[in-house]
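Everything below belongs to my_file00.pdb, which stores PDB, C-alpha atoms.
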```pdb
ATOM      1  CA  PHE H 106     110.687  87.846 113.959
ATOM      2  CA  PRO H 107     107.123  87.374 112.734
ATOM      3  CA  SER H 108     108.003  84.890 109.981
ATOM      4  CA  HIS H 109     110.023  81.684 110.004
ATOM      5  CA  ASP H 110     110.952  82.309 106.372
ATOM      6  CA  THR H 111     112.196  85.831 107.147
ATOM      7  CA  ALA H 112     114.355  84.522 109.978
ATOM      8  CA  GLN H 113     115.711  81.651 107.892
ATOM      9  CA  GLY H 114     116.560  83.991 105.029
ATOM     10  CA  LEU H 115     118.567  86.236 107.354
ATOM     11  CA  ARG H 116     120.379  83.234 108.818
ATOM     12  CA  GLN H 117     121.385  82.127 105.326
ATOM     13  CA  ARG H 118     122.909  85.573 104.835
ATOM     14  CA  GLY H 119     125.098  85.126 107.914
ATOM     15  CA  HIS H 120     123.005  87.019 110.487
ATOM     16  CA  GLN H 121     122.411  85.646 113.978
ATOM     17  CA  VAL H 122     118.643  85.408 114.493
ATOM     18  CA  VAL H 123     116.573  84.282 117.493
ATOM     19  CA  GLN H 124     112.815  83.777 117.242
ATOM     20  CA  PHE H 125     110.386  84.161 120.125
ATOM     21  CA  GLN H 126     106.754  83.144 120.277
ATOM     22  CA  MET H 127     104.828  85.350 122.692
ATOM     23  CA  ASN H 128     102.624  82.757 124.361
ATOM     24  CA  SER H 129     104.570  81.797 127.511
ATOM     25  CA  GLU H 130     105.238  78.212 126.452
ATOM     26  CA  HIS H 131     107.617  79.334 123.784
ATOM     27  CA  SER H 132     110.789  79.866 122.078
ATOM     28  CA  ASN H 133     113.760  78.069 120.765
ATOM     29  CA  GLY H 134     115.540  79.494 123.798
ATOM     30  CA  GLY H 135     113.777  76.968 126.015
ATOM     31  CA  SER H 136     116.869  75.715 127.777
ATOM     32  CA  SER H 137     117.598  79.234 129.032
ATOM     33  CA  ARG H 138     114.038  79.605 130.173
ATOM     34  CA  LYS H 139     114.203  76.558 132.419
ATOM     35  CA  GLY H 140     116.659  78.365 134.640
ATOM     36  CA  LEU H 141     114.122  81.138 135.167
ATOM     37  CA  ASN H 142     111.096  78.953 135.903
ATOM     38  CA  ARG H 143     111.526  79.110 139.679
ATOM     39  CA  PHE H 144     111.796  82.875 139.507
ATOM     40  CA  TYR H 145     108.642  83.672 137.607
ATOM     41  CA  ARG H 146     106.413  80.601 137.583
ATOM     42  CA  PHE H 147     103.820  82.474 139.675
ATOM     43  CA  PHE H 148     103.604  85.462 137.306
ATOM     44  CA  PRO H 149     100.750  85.880 134.790
ATOM     45  CA  SER H 150     101.617  84.583 131.305
ATOM     46  CA  SER H 151     102.041  88.029 129.710
ATOM     47  CA  LEU H 152     104.473  89.112 132.419
ATOM     48  CA  LYS H 153     106.409  85.877 131.915
ATOM     49  CA  ASP H 154     106.776  86.745 128.236
ATOM     50  CA  ILE H 155     108.036  90.234 129.071
ATOM     51  CA  LEU H 156     110.531  89.032 131.684
ATOM     52  CA  PHE H 157     111.870  86.261 129.497
ATOM     53  CA  LEU H 158     112.226  88.539 126.476
ATOM     54  CA  ARG H 159     114.043  91.198 128.515
ATOM     55  CA  PHE H 160     116.406  88.605 129.972
ATOM     56  CA  SER H 161     117.122  87.180 126.507
ATOM     57  CA  LEU H 162     117.723  90.589 124.922
ATOM     58  CA  GLN H 163     120.127  91.606 127.667
ATOM     59  CA  ARG H 164     122.021  88.340 127.454
ATOM     60  CA  SER H 165     122.296  88.303 123.660
ATOM     61  CA  ARG H 166     122.955  92.055 123.324
ATOM     62  CA  ALA H 167     120.545  92.142 120.404
ATOM     63  CA  TYR H 168     120.923  94.999 117.940
ATOM     64  CA  LEU H 169     117.430  94.797 116.424
ATOM     65  CA  ILE H 170     114.063  93.296 117.306
ATOM     66  CA  ILE H 171     111.160  92.919 114.874
ATOM     67  CA  SER H 172     107.724  92.392 116.378
ATOM     68  CA  LEU H 173     104.327  91.611 114.839
ATOM     69  CA  LEU H 174     100.789  92.617 115.904
ATOM     70  CA  PRO H 175      99.542  94.865 118.745
ATOM     71  CA  LEU H 176      99.781  92.662 121.848
ATOM     72  CA  THR H 177     103.239  91.338 121.026
ATOM     73  CA  ASN H 178     104.389  94.850 120.107
ATOM     74  CA  LEU H 179     103.218  96.081 123.514
ATOM     75  CA  LYS H 180     105.136  93.292 125.277
ATOM     76  CA  VAL H 181     108.292  94.131 123.344
ATOM     77  CA  TRP H 182     108.046  97.807 124.274
ATOM     78  CA  MET H 183     107.571  96.942 127.960
ATOM     79  CA  ALA H 184     110.465  94.446 127.868
ATOM     80  CA  THR H 185     112.877  97.084 126.545
ATOM     81  CA  LEU H 186     111.914  99.921 128.919
ATOM     82  CA  GLY H 187     114.973 101.348 130.665
ATOM     83  CA  MET H 188     117.471  98.995 129.028
ATOM     84  CA  SER H 189     120.962 100.482 128.915
ATOM     85  CA  ASN H 190     121.750  98.899 125.536
ATOM     86  CA  LYS H 191     118.265  99.053 124.105
ATOM     87  CA  PRO H 192     117.943  97.362 120.694
ATOM     88  CA  ARG H 193     116.363  99.161 117.770
ATOM     89  CA  ILE H 194     112.679  98.269 117.453
ATOM     90  CA  ILE H 195     110.667  97.644 114.310
ATOM     91  CA  PHE H 196     106.952  97.024 114.783
ATOM     92  CA  SER H 197     104.904  95.357 112.052
ATOM     93  CA  GLU H 198     101.143  95.773 111.642
ATOM     94  CA  HIS H 199      99.540  93.557 109.009
ATOM     95  CA  SER H 200      95.841  94.389 109.260
ATOM     96  CA  ILE H 201      93.910  97.636 109.034
ATOM     97  CA  PRO H 202      93.748  98.365 112.791
ATOM     98  CA  SER H 203      90.316 100.002 112.894
ATOM     99  CA  GLN H 204      88.842  96.956 111.131
ATOM    100  CA  LEU H 205      90.754  94.488 113.294
ATOM    101  CA  VAL H 206      89.232  95.895 116.477
ATOM    102  CA  LYS H 207      85.751  94.873 115.332
ATOM    103  CA  THR H 208      86.746  91.189 115.452
ATOM    104  CA  GLN H 209      88.519  91.291 118.819
ATOM    105  CA  SER H 210      87.438  90.283 122.300
ATOM    106  CA  ILE H 211      86.722  92.945 124.937
ATOM    107  CA  LYS H 212      90.130  92.306 126.513
ATOM    108  CA  ASP H 213      91.958  92.806 123.208
ATOM    109  CA  ARG H 214      89.934  95.932 122.453
ATOM    110  CA  MET H 215      91.312  97.456 125.655
ATOM    111  CA  ILE H 216      94.915  96.451 124.900
ATOM    112  CA  THR H 217      95.064  97.392 121.209
ATOM    113  CA  PRO H 218      94.689 101.213 121.584
ATOM    114  CA  ILE H 219      97.533 101.166 124.133
ATOM    115  CA  ALA H 220      99.695  99.321 121.626
ATOM    116  CA  TRP H 221      98.887 101.921 118.962
ATOM    117  CA  TRP H 222      99.942 104.654 121.377
ATOM    118  CA  ILE H 223     103.392 103.102 121.937
ATOM    119  CA  TYR H 224     104.051 102.801 118.176
ATOM    120  CA  ARG H 225     105.473 106.343 118.326
ATOM    121  CA  TYR H 226     108.445 104.965 120.257
ATOM    122  CA  ALA H 227     109.448 102.481 117.551
ATOM    123  CA  ASP H 228     112.337 103.190 115.219
ATOM    124  CA  PHE H 229     110.229 102.070 112.285
ATOM    125  CA  LEU H 230     106.775 100.650 111.597
ATOM    126  CA  ILE H 231     106.317  98.197 108.719
ATOM    127  CA  THR H 232     102.996  97.654 106.942
ATOM    128  CA  PRO H 233     102.153  95.526 103.866
ATOM    129  CA  SER H 234     100.020  98.163 102.132
ATOM    130  CA  HIS H 235      99.374 101.886 101.900
ATOM    131  CA  ALA H 236      95.849 101.303 103.258
ATOM    132  CA  VAL H 237      97.221  99.877 106.520
ATOM    133  CA  ALA H 238      99.822 102.650 106.728
ATOM    134  CA  ALA H 239      97.220 105.386 106.216
ATOM    135  CA  ASN H 240      94.959 103.922 108.869
ATOM    136  CA  LEU H 241      97.804 103.721 111.395
ATOM    137  CA  LEU H 242      98.834 107.319 110.737
ATOM    138  CA  ALA H 243      95.231 108.394 111.296
ATOM    139  CA  ILE H 244      94.800 106.672 114.670
ATOM    140  CA  SER H 245      98.296 106.962 116.172
ATOM    141  CA  SER H 246     100.845 109.700 116.756
ATOM    142  CA  ILE H 247     103.650 108.039 114.847
ATOM    143  CA  SER H 248     105.632 110.164 112.413
ATOM    144  CA  SER H 249     105.042 109.401 108.745
ATOM    145  CA  ASP H 250     108.834 109.249 108.262
ATOM    146  CA  LYS H 251     108.910 106.114 110.404
ATOM    147  CA  VAL H 252     106.260 104.211 108.441
ATOM    148  CA  LYS H 253     107.583 101.928 105.693
ATOM    149  CA  VAL H 254     105.351 100.034 103.268
ATOM    150  CA  ILE H 255     106.832  96.671 102.268
ATOM    151  CA  PHE H 256     104.481  94.657 100.095
ATOM    152  CA  ASN H 257     103.961  90.973 100.841
ATOM    153  CA  PRO H 258     106.236  88.799  98.684
ATOM    154  CA  ALA H 259     105.032  86.003  96.428
ATOM    155  CA  ILE H 260     106.806  82.822  95.470
ATOM    156  CA  ASP H 261     108.484  82.754  92.056
ATOM    157  CA  GLU H 262     107.914  79.462  90.198
ATOM    158  CA  VAL H 263     111.317  79.802  88.528
ATOM    159  CA  LEU H 264     113.101  79.997  91.878
ATOM    160  CA  TYR H 265     110.916  77.412  93.610
ATOM    161  CA  PRO H 266     109.606  75.025  90.934
ATOM    162  CA  ASN H 267     108.964  72.185  93.377
ATOM    163  CA  ARG H 268     106.605  74.206  95.577
ATOM    164  CA  VAL H 269     103.926  74.693  92.927
ATOM    165  CA  SER H 270     101.827  71.763  91.793
ATOM    166  CA  LYS H 271     102.093  70.975  88.068
ATOM    167  CA  SER H 272      99.289  68.420  88.047
ATOM    168  CA  TYR H 273      96.659  70.689  86.543
ATOM    169  CA  SER H 274      96.121  71.697  82.943
ATOM    170  CA  ASN H 275      97.567  74.959  81.619
ATOM    171  CA  SER H 276      94.021  75.991  80.762
ATOM    172  CA  VAL H 277      93.044  76.034  84.430
ATOM    173  CA  LEU H 278      92.548  79.494  85.918
ATOM    174  CA  LYS H 279      94.974  80.005  88.786
ATOM    175  CA  ILE H 280      93.710  82.105  91.692
ATOM    176  CA  LEU H 281      96.421  83.538  93.952
ATOM    177  CA  VAL H 282      95.504  84.435  97.547
ATOM    178  CA  ALA H 283      98.402  86.138  99.338
ATOM    179  CA  GLY H 284      97.909  86.827 103.046
ATOM    180  CA  ARG H 285      97.789  85.293 106.485
ATOM    181  CA  LEU H 286      95.334  82.428 106.879
ATOM    182  CA  VAL H 287      93.148  84.208 109.432
ATOM    183  CA  GLU H 288      89.468  85.117 109.625
ATOM    184  CA  ILE H 289      89.906  88.805 108.838
ATOM    185  CA  LYS H 290      91.468  87.889 105.452
ATOM    186  CA  GLN H 291      88.365  85.817 104.521
ATOM    187  CA  PRO H 292      90.239  82.951 102.794
ATOM    188  CA  PHE H 293      87.036  80.914 102.404
ATOM    189  CA  LYS H 294      85.685  83.455  99.915
ATOM    190  CA  ALA H 295      88.257  82.375  97.337
ATOM    191  CA  ILE H 296      87.072  78.771  97.634
ATOM    192  CA  GLU H 297      83.465  79.838  97.095
ATOM    193  CA  VAL H 298      84.461  81.922  94.058
ATOM    194  CA  SER H 299      86.332  78.959  92.571
ATOM    195  CA  LYS H 300      83.286  76.753  93.066
ATOM    196  CA  ILE H 301      80.988  79.300  91.370
ATOM    197  CA  LEU H 302      83.369  79.674  88.411
ATOM    198  CA  GLU H 303      83.282  75.947  87.734
ATOM    199  CA  SER H 304      79.633  75.173  88.528
ATOM    200  CA  GLN H 305      77.991  78.196  86.891
ATOM    201  CA  PHE H 306      80.463  79.282  84.195
ATOM    202  CA  GLN H 307      82.331  76.024  83.462
ATOM    203  CA  ILE H 308      85.692  77.696  84.191
ATOM    204  CA  PRO H 309      88.022  75.242  85.953
ATOM    205  CA  SER H 310      90.268  76.859  88.539
ATOM    206  CA  GLU H 311      92.712  76.137  91.313
ATOM    207  CA  ILE H 312      93.661  78.283  94.319
ATOM    208  CA  HIS H 313      97.199  78.948  95.540
ATOM    209  CA  PHE H 314      97.333  80.255  99.121
ATOM    210  CA  ILE H 315     100.567  82.071  99.982
ATOM    211  CA  GLY H 316     100.919  82.601 103.718
ATOM    212  CA  GLU H 317     100.692  80.978 107.107
ATOM    213  CA  GLY H 318      97.967  80.912 109.744
ATOM    214  CA  PRO H 319      95.721  78.910 112.077
ATOM    215  CA  LEU H 320      92.923  78.357 109.517
ATOM    216  CA  ARG H 321      94.897  76.070 107.210
ATOM    217  CA  ASP H 322      93.179  72.853 108.341
ATOM    218  CA  GLU H 323      89.719  74.430 108.081
ATOM    219  CA  ILE H 324      90.527  75.749 104.601
ATOM    220  CA  GLU H 325      91.596  72.281 103.465
ATOM    221  CA  LYS H 326      88.396  70.721 104.833
ATOM    222  CA  TYR H 327      86.179  73.382 103.240
ATOM    223  CA  ALA H 328      87.931  73.024  99.884
ATOM    224  CA  GLY H 329      87.518  69.246 100.070
ATOM    225  CA  LYS H 330      83.839  69.622 100.843
ATOM    226  CA  LEU H 331      83.284  71.877  97.797
ATOM    227  CA  LYS H 332      85.723  69.834  95.671
ATOM    228  CA  VAL H 333      87.941  72.832  94.949
ATOM    229  CA  ARG H 334      91.606  72.276  94.134
ATOM    230  CA  ILE H 335      94.005  74.189  96.395
ATOM    231  CA  ASP H 336      97.697  74.364  97.203
ATOM    232  CA  PHE H 337      99.626  76.078 100.004
ATOM    233  CA  HIS H 338     102.963  77.909  99.808
ATOM    234  CA  ASP H 339     105.123  79.596 102.446
ATOM    235  CA  TRP H 340     106.299  83.193 102.239
ATOM    236  CA  THR H 341     109.706  83.748 100.711
TER     237      THR H 341
END
```
Would you write out, as structure tokens, the structure that this file holds?
Amino acid sequence: FPSHDTAQGLRQRGHQVVQFQMNSEHSNGGSSRKGLNRFYRFFPSSLKDILFLRFSLQRSRAYLIISLLPLTNLKVWMATLGMSNKPRIIFSEHSIPSQLVKTQSIKDRMITPIAWWIYRYADFLITPSHAVAANLLAISSISSDKVKVIFNPAIDEVLYPNRVSKSYSNSVLKILVAGRLVEIKQPFKAIEVSKILESQFQIPSEIHFIGEGPLRDEIEKYAGKLKVRIDFHDWT
């Protein structure tokens, strides 16, 4: 599952959920992995991910697997090839693929088109917007019937009153930025906009980031440097 919150929500509803992180030193199934270390410790990291995932899926008899982003999606497809009790596969693509390629390394640019090609073999493909869905349909051979648009959720203050800071005045403009904290989403732009609003137009504001990602620490430092008030919230 691509999101800890998604997995936790399903667990609370009584479903059995296992999360895998596709980076070779992963997974809350670590104890099972130790037994395989002697078998595949000499394999490249990507092949280790594929072997471990296949072993885990066969052992758990998983009914469904949800995978996020091109490289991980490709690993999932390879791990399930030829399985007798193959689980249903849902791939998720969160960025406009043709734009994402421009920010990738040469290695990733070679892998990504292959991943797009295998999307046709998924049971469903989830995207967070019609723009992403349209772009995927244009560059891949997947059937439009398999593409489902599910918009990113936002936290409701009524349901989660303790997650939103109440320290600021009601007159403060609240800026909501919903999306992964990654470079392609340009989260620093919101901080610069907030700074301009206050310095040039005397409009106080605060930014609420909803999402997860590797840029959180950098965002906090940049906001501190510009003296912009921010708060972070998980997906729900």
Item to check | Pick from H:Thr232, H:Ser245, H:Ser161, H:Gln291, whichever lies nearest to H:Leu173 using all atoms listed in the file | outcome: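 Smallest separation from H:Leu173 among the options: H:Thr232.
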Checklist entry - Which one is closest to H:Leu169: H:Phe229, H:Phe337, H:Tyr224, H:Phe293? Count only C-alpha atoms. => result H:Phe229
Checklist entry - Do you know which residues are at most 8 Å from H:Ala238 counting only C-alpha atoms, after dropping those on the same chain fewer than 5 positions away, and could you put them as JSON, numbers by chain? => result {"H": [232, 252, 253, 254]}
Checklist entry - Hey, what comes out of the PyMOL selection byres ((chain H and resi 288) around 10) on this file? Could you write it as a PyMOL selection string? => result chain H and resi 208+285-287+289-293+318-320
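Here atom CA of H:His120 and atom CA of H:Lys191 stand 18.8 Å from one another.
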Checklist entry - atom CA of H:Glu323 and atom CA of H:Glu303, how far apart in Å? => result 21.4 Å
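Shortest atom-to-atom contact with H:Arg166 among H:Pro309, H:Pro192, H:Gly316, H:Pro218: H:Pro192, counting only C-alpha atoms.
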Item to check | Pick from H:Leu156, H:Met215, H:Ala220, H:Leu281, whichever lies nearest to H:Thr177 using all atoms listed in the file | outcome: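 Between H:Leu156, H:Met215, H:Ala220, H:Leu281, the residue approaching H:Thr177 most closely is H:Ala220.
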Checklist entry - Leaving out H:Leu174 and any residue of its chain fewer than 5 positions from it, which residues lie within 8 Å of it when counting all atoms listed in the file, given as JSON, numbers by chain? => result {"H": [196, 197, 198, 199]}
